[in-house]
Amino acid sequence: MSIPVLKFDAVIVGAGGAGLRSAIQLSEAGLKTAVLSKVFPTRSHTVAAQGGVAASLGNSEQDHWTWHMYDTVKGSDWLGDQDAIEFMCKKANEVVVELEHYGMPFDRTDDGKIYQRPFGGHMSNFGEKPVRRSCAAADRTGHAMLHAMYQRNVKANTQFFVEWMALDLIRDEEGHVLGVTAMEMETGQIVIFHARATIFATGGAGRIFYSSTNAFINTGDGLGMAARAGIPLEDMEFWQFHPTGVAGAGVLITEGVRGEGGILRNSSKERFMERYAPNAKDLASRDVVSRAMATEIKEGRGCGVNKDYVLLDITHLDPATIMKRLPGIHEIGLQFAGVDCLKEPLPVVPTCHYQMGGIPTHYSGRVVMPKDGDMSSVVPGFYAGGECACASVHGANRLGTNSLLDLLVFGKSAGDSAVEDLKAGKAHRDLPKDAADKSLARISAIDNRKGGANVHETRLAMQRTMQDHAGVFRFGDMLKQGVSKILEVEKAARQLEIKDKSMAWNTARTEALEMENLIEVAKATMISAEARKESRGAHVRDDAPDTAEFPNGRNDKEWLKHTLFSPVDNSISYKPVNMQPLTVEPVELKTRSY
Amino acid sequence: MERKDYERLRWRCIRRALLELDITLTRFLDDGFDKLTDEEQQVFVELADWEDHELWYLISGKTECEDPRFAPIVAAIRKS
Ligand SMILES: Cc1cc2nc3c(=O)[nH]c(=O)nc-3n(C[C@H](O)[C@H](O)[C@H](O)COP(=O)(O)OP(=O)(O)OC[C@H]3O[C@@H](n4cnc5c(N)ncnc54)[C@H](O)[C@@H]3O)c2cc1C
């Protein structure tokens, strides 16, 4: 079968914040650039970000990028690479001001500067006291960002391929990346995008968990494609959880609900936080609350038929106060839990929110992997930025508002690096003859299989396994079982069957293809988490507790290193953390406490 | 509605920018959409084209419908 080939200088997969930022660099440099997206660009998940983007502009009070860098290293529990973190924090002001010039309607101070507000973990003077560092556009920061960057791209003649799904990375025998195969959803046609530079900006994969704040689109396609092309995934054991998502739905319930007097209860209605945090109780920090909830559930004191959630009770509060101070919570209860929270408690569960790991990159946005003894050898022609990439700036734990910064800085640097490499005169390399074969075979297998596994059931089995075995608080025995269980689910995920065989708008086929990506991420997460025998940042193990020798369970002697999961044989290797910033003194190891 | 049009609509409802909409719109497509008249279905297609925040504010009751054609559809989405 002959497959149409479209030739571009650069192909970018993803039109969220990271993809749009990269595309500006390439198109404005006069390079012929294609951007593929499963949805219209301004429907990308970046839209959901409301909190803001971090930059030490110092508009509201004194601030400095070295303070921001310190906070980010500490937030990462020292797993973040300090060269990349310096690069990001130093560049923050530049990328935020650029965005302002693109037309982003930031909130303003009375004297017309960008208004800044405080956000958890961002401090002044190396951890002294909270600082106002987050720049926002009302409650539409992510949305406004995408609009501004989309318009800029339209002006620069970026070519958008909307409602196209990239399927596989094309690599030649020497390992160079030459583009992707993709499917146009409207026709079902498969096309090769042949490019001199390929940039992944496909976002996160939070849908591997049963309870996730991520929209359905976060299926980790970039990670799946990289894994199938033999590229390892870095630090996949690190996922940030939010303590209170609506059980079953994932929709976030803000911390404000506990701030107003909401109480967490177990199946016997006990206010269990009194046992875990006698002083702060329900207002203890996110990780303490999440761990307590997970322990209650693991020890059989959860609620519901499956005993898999706890209750957030606000029935003792004055209904008028609830409606005034917590607008939206009543509606969230009705829509997503079927519960009137004025009369009944809400079912809640620690909920996956953000993926710290991803495709390994250098801070220049170039993808790197082990080769001939070099742990960070550049994969020629391949770049990544945003949530799908691991630079690594978030290390074991991301600070809020640093991810929008990540996608601006590394989206831009991936674009700049591609421009630099292309200007150096790299021609299109020849496509291998079998460039599309793998994608065609996968699709034909899904279309033609009889007696295979159901996509919905397989996804549910994966999500349950991940939630129960690799959730916010991890237990050695559960992780071990989790590895065998997820390998079982993988067998089903390799045998998917769909009923609808149509070419045009076959959403069943698209969801099956997404499932094949999700399972790569789930497997990498479970195996990496089982292997890391310490607690660090968001990876907290019951069998690596807080002791005098290992405060917070963190063991720097053995575990101050990045995990690399190899999808080829499910094996794990490690590479050192870069503790050497570019120009300043390193942030020395310390216990992470706030 | 023709299969192709329905499936296009479906994709645009099950892959939104906001999780809140993914859930409510998927639920409505599975239970409620086929009870609408042809005309009402076309109004839903229009609504599904809205920006995510605007649509969620409308469905969650934070903002009011200005166009009377939307009210019964929004009510049906909320009930599904
Ligand atoms: C509820 C919520 C609130 C948040 N709030 C904040 C905040 O206030 N501040 C902050 O810094 N961070 C926040 N975050 C995190 C932040 O929003 C994300 O990390 C960030 O937006 C990811 O951007 P991205 O460009 O990497 O990916 P996305 O915006 O998710 O874009 C991914 C793009 O890739 C495309 N794509 C994916 N797979 C394919 C494929 N196979 N083929 C073609 N296209 C594909 C999609 O269509 C999409 O265009 C929040 C996250 C959530 C869930």
# chains A, B, ... in the order shown; residues from 1 in each chain; ligands from 1
>>> residues_around(residues="range 117-123 of chain A", least_positions_apart="2", cutoff="6 Å", atoms="only C-alpha atoms", output="PyMOL selection string")
chain A and resi 127+129-134
>>> write_last_selection(atoms="all heavy atoms", output="CSV table (one decimal), in the first residue's frame")
chain,number,residue,atom,x,y,z
A,127,GLY,N,13.8,30.4,50.9
A,127,GLY,CA,12.9,29.7,51.8
A,127,GLY,C,12.4,30.4,53.0
A,127,GLY,O,11.8,29.8,53.9
A,129,LYS,N,10.0,33.3,53.5
A,129,LYS,CA,8.6,33.5,53.6
A,129,LYS,C,8.0,33.5,52.2
A,129,LYS,O,8.7,33.8,51.2
A,129,LYS,CB,8.3,34.8,54.4
A,129,LYS,CG,8.9,36.0,53.8
A,129,LYS,CD,8.5,37.2,54.6
A,129,LYS,CE,8.6,38.6,54.0
A,129,LYS,NZ,9.6,39.0,53.1
A,130,PRO,N,6.6,33.3,52.2
A,130,PRO,CA,6.0,33.2,50.8
A,130,PRO,C,6.2,34.5,50.0
A,130,PRO,O,6.3,35.6,50.6
A,130,PRO,CB,4.5,33.1,51.2
A,130,PRO,CG,4.5,32.5,52.5
A,130,PRO,CD,5.7,33.0,53.3
A,131,VAL,N,6.3,34.3,48.7
A,131,VAL,CA,6.5,35.5,47.8
A,131,VAL,C,5.5,35.5,46.7
A,131,VAL,O,5.0,34.4,46.4
A,131,VAL,CB,8.0,35.5,47.2
A,131,VAL,CG1,8.1,34.4,46.2
A,131,VAL,CG2,8.3,36.8,46.6
A,132,ARG,N,5.1,36.6,46.2
A,132,ARG,CA,4.1,36.7,45.2
A,132,ARG,C,4.8,36.6,43.8
A,132,ARG,O,5.5,37.5,43.4
A,132,ARG,CB,3.4,38.0,45.2
A,132,ARG,CG,2.3,38.0,46.3
A,132,ARG,CD,1.6,39.3,46.6
A,132,ARG,NE,2.4,40.1,47.5
A,132,ARG,CZ,2.2,41.4,47.8
A,132,ARG,NH1,1.2,42.0,47.2
A,132,ARG,NH2,3.0,42.0,48.6
A,133,ARG,N,4.7,35.4,43.2
A,133,ARG,CA,5.5,35.1,42.0
A,133,ARG,C,4.6,34.6,40.8
A,133,ARG,O,5.1,34.5,39.7
A,133,ARG,CB,6.5,34.0,42.4
A,133,ARG,CG,7.5,33.8,41.3
A,133,ARG,CD,8.6,32.7,41.8
A,133,ARG,NE,9.5,33.3,42.7
A,133,ARG,CZ,10.1,32.5,43.7
A,133,ARG,NH1,9.8,31.3,43.8
A,133,ARG,NH2,11.0,33.1,44.5
A,134,SER,N,3.3,34.3,41.1
A,134,SER,CA,2.5,33.7,40.1
A,134,SER,C,1.8,34.8,39.3
A,134,SER,O,1.1,35.7,39.8
A,134,SER,CB,1.5,32.8,40.7
A,134,SER,OG,0.5,32.4,39.8
>>> residues_near_ligand(ligand="ligand 1", cutoff="7 Å", atoms="only C-alpha atoms and all ligand atoms", output="ChimeraX atom specification")
/A:13-19,36-39,41,44-53,142,164-167,201-204,213-215,218,220-222,353-354,385-388,400-405,407
>>> residues_around(residues="Leu252 in chain A", least_positions_apart="6", cutoff="8 Å", atoms="only C-alpha atoms", output="list of chain:residue names")
A:Thr213, A:His242, A:Thr244, A:Gly245, A:Val246
>>> write_last_selection(atoms="C-alpha atoms", output="JSON list (two decimals), in the first residue's frame")
[["chain", "number", "residue", "atom", "x", "y", "z"],
["A", 213, "THR", "CA", -7.96, 15.43, 37.64],
["A", 242, "HIS", "CA", -4.21, 16.06, 45.09],
["A", 244, "THR", "CA", -9.47, 15.57, 47.39],
["A", 245, "GLY", "CA", -10.85, 14.58, 44.02],
["A", 246, "VAL", "CA", -14.46, 13.38, 43.80]]
>>> residues_around(residues="Leu589 in chain A", least_positions_apart="6", cutoff="9 Å", atoms="only C-alpha atoms", output="ChimeraX atom specification")
/A:74,77-78,556
>>> residues_around(residues="Val96 in chain A", least_positions_apart="6", cutoff="9 Å", atoms="only C-alpha atoms", output="number ranges by chain")
A: 53-55, 57, 135, 405, 408
>>> write_last_selection(atoms="N, CA, C and O atoms", output="compact mmCIF listing (two decimals), in the first residue's frame")
# COMPACT_ATOMS: atom_id res chain seq x y z
N VAL A 53 1.33 31.28 36.18
CA VAL A 53 2.66 30.88 35.73
C VAL A 53 3.70 31.63 36.57
O VAL A 53 3.57 32.84 36.80
N ALA A 54 4.72 30.90 37.01
CA ALA A 54 5.71 31.49 37.92
C ALA A 54 6.79 32.26 37.17
O ALA A 54 7.28 31.79 36.15
N ALA A 55 7.14 33.44 37.68
CA ALA A 55 8.30 34.19 37.17
C ALA A 55 8.69 35.21 38.23
O ALA A 55 7.81 35.89 38.77
N LEU A 57 9.42 38.17 38.55
CA LEU A 57 9.42 39.53 38.00
C LEU A 57 9.66 40.56 39.09
O LEU A 57 10.21 41.64 38.84
N CYS A 135 1.89 34.71 37.95
CA CYS A 135 1.22 35.67 37.07
C CYS A 135 0.01 34.98 36.45
O CYS A 135 0.13 33.88 35.91
N LEU A 405 5.28 27.36 33.32
CA LEU A 405 6.59 27.93 33.02
C LEU A 405 7.43 26.93 32.22
O LEU A 405 8.07 27.29 31.23
N LEU A 408 6.50 26.93 28.57
CA LEU A 408 6.97 28.11 27.84
C LEU A 408 8.47 28.03 27.59
O LEU A 408 8.95 28.21 26.47
>>> closest_atom_pairs(of="chain B", to="chain A", cutoff="10 Å", atoms="only C-alpha atoms", output="Markdown table")
| residue | atom | partner | partner_atom | distance |
| --- | --- | --- | --- | --- |
| B:Arg3 | CA | A:Trp505 | CA | 8.8 |
| B:Lys4 | CA | A:Trp505 | CA | 6.3 |
| B:Asp5 | CA | A:Trp505 | CA | 8.5 |
| B:Tyr6 | CA | A:Trp505 | CA | 8.9 |
| B:Glu7 | CA | A:Trp505 | CA | 5.6 |
| B:Arg8 | CA | A:Trp505 | CA | 5.9 |
| B:Leu9 | CA | A:Trp505 | CA | 9.4 |
| B:Arg10 | CA | A:Thr507 | CA | 7.8 |
| B:Trp11 | CA | A:Thr507 | CA | 6.5 |
| B:Arg12 | CA | A:Val39 | CA | 7.6 |
| B:Ile14 | CA | A:Phe216 | CA | 7.0 |
| B:Arg15 | CA | A:Ile217 | CA | 5.4 |
| B:Arg16 | CA | A:Arg43 | CA | 6.0 |
| B:Ala17 | CA | A:His45 | CA | 4.5 |
| B:Leu18 | CA | A:Ala215 | CA | 5.7 |
| B:Leu19 | CA | A:Ala215 | CA | 4.2 |
| B:Glu20 | CA | A:Val251 | CA | 6.7 |
| B:Leu21 | CA | A:Ala215 | CA | 8.7 |
| B:Asp22 | CA | A:Phe216 | CA | 6.6 |
| B:Ile23 | CA | A:Ala249 | CA | 7.7 |
| B:Thr24 | CA | A:Gln335 | CA | 7.7 |
| B:Glu51 | CA | A:Arg43 | CA | 7.8 |
| B:Asp52 | CA | A:Arg43 | CA | 7.4 |
| B:His53 | CA | A:Arg140 | CA | 8.2 |
| B:Tyr57 | CA | A:Gly328 | CA | 9.7 |
| B:Ile59 | CA | A:Glu331 | CA | 9.8 |
| B:Ser60 | CA | A:Glu331 | CA | 6.4 |
| B:Gly61 | CA | A:Glu331 | CA | 8.2 |
| B:Lys62 | CA | A:Gly328 | CA | 8.0 |
| B:Ile77 | CA | A:Gln335 | CA | 10.0 |
| B:Arg78 | CA | A:Gln335 | CA | 7.3 |
| B:Lys79 | CA | A:Gln335 | CA | 8.7 |
| B:Ser80 | CA | A:Gln335 | CA | 9.1 |
>>> select_by_dssp(residues="range 362-510 of chain A", states="alpha helix (DSSP H)", output="PyMOL selection string")
chain A and resi 402-423+437-448+455-469+476-493+507-510
>>> residues_around(residues="Gln42 in chain B", least_positions_apart="6", cutoff="10 Å", atoms="only C-alpha atoms", output="JSON, numbers by chain")
{"B": [1, 36, 48]}
>>> write_last_selection(atoms="N, CA, C and O atoms", output="short mmCIF file (atom, residue, chain, number, x, y, z; two decimals), in the first residue's frame")
data_model
loop_
_atom_site.label_atom_id
_atom_site.label_comp_id
_atom_site.auth_asym_id
_atom_site.auth_seq_id
_atom_site.Cartn_x
_atom_site.Cartn_y
_atom_site.Cartn_z
N MET B 1 -29.52 11.90 13.09
CA MET B 1 -28.22 12.42 12.68
C MET B 1 -27.40 11.31 12.03
O MET B 1 -27.42 10.17 12.51
N LEU B 36 -33.57 13.85 22.14
CA LEU B 36 -33.81 15.20 21.61
C LEU B 36 -34.42 15.12 20.21
O LEU B 36 -34.18 14.16 19.48
N ALA B 48 -21.96 22.53 21.83
CA ALA B 48 -20.73 21.77 21.98
C ALA B 48 -19.54 22.51 21.38
O ALA B 48 -18.39 22.22 21.69
#
>>> residues_around(residues="Arg207 in chain A", least_positions_apart="2", cutoff="6 Å", atoms="only C-alpha atoms", output="list in words")
Ala205, Phe209, Asn218 and Thr219 of chain A
>>> closest_residue(among="A:Gly262, A:Gly188, A:Gly333, A:Gly411", to="Ile443 in chain A", atoms="only C-alpha atoms")
A:Gly188
>>> closest_residue(among="B:Thr63, B:Pro68, B:Thr26, B:Leu55", to="Glu40 in chain B", atoms="only C-alpha atoms")
B:Pro68
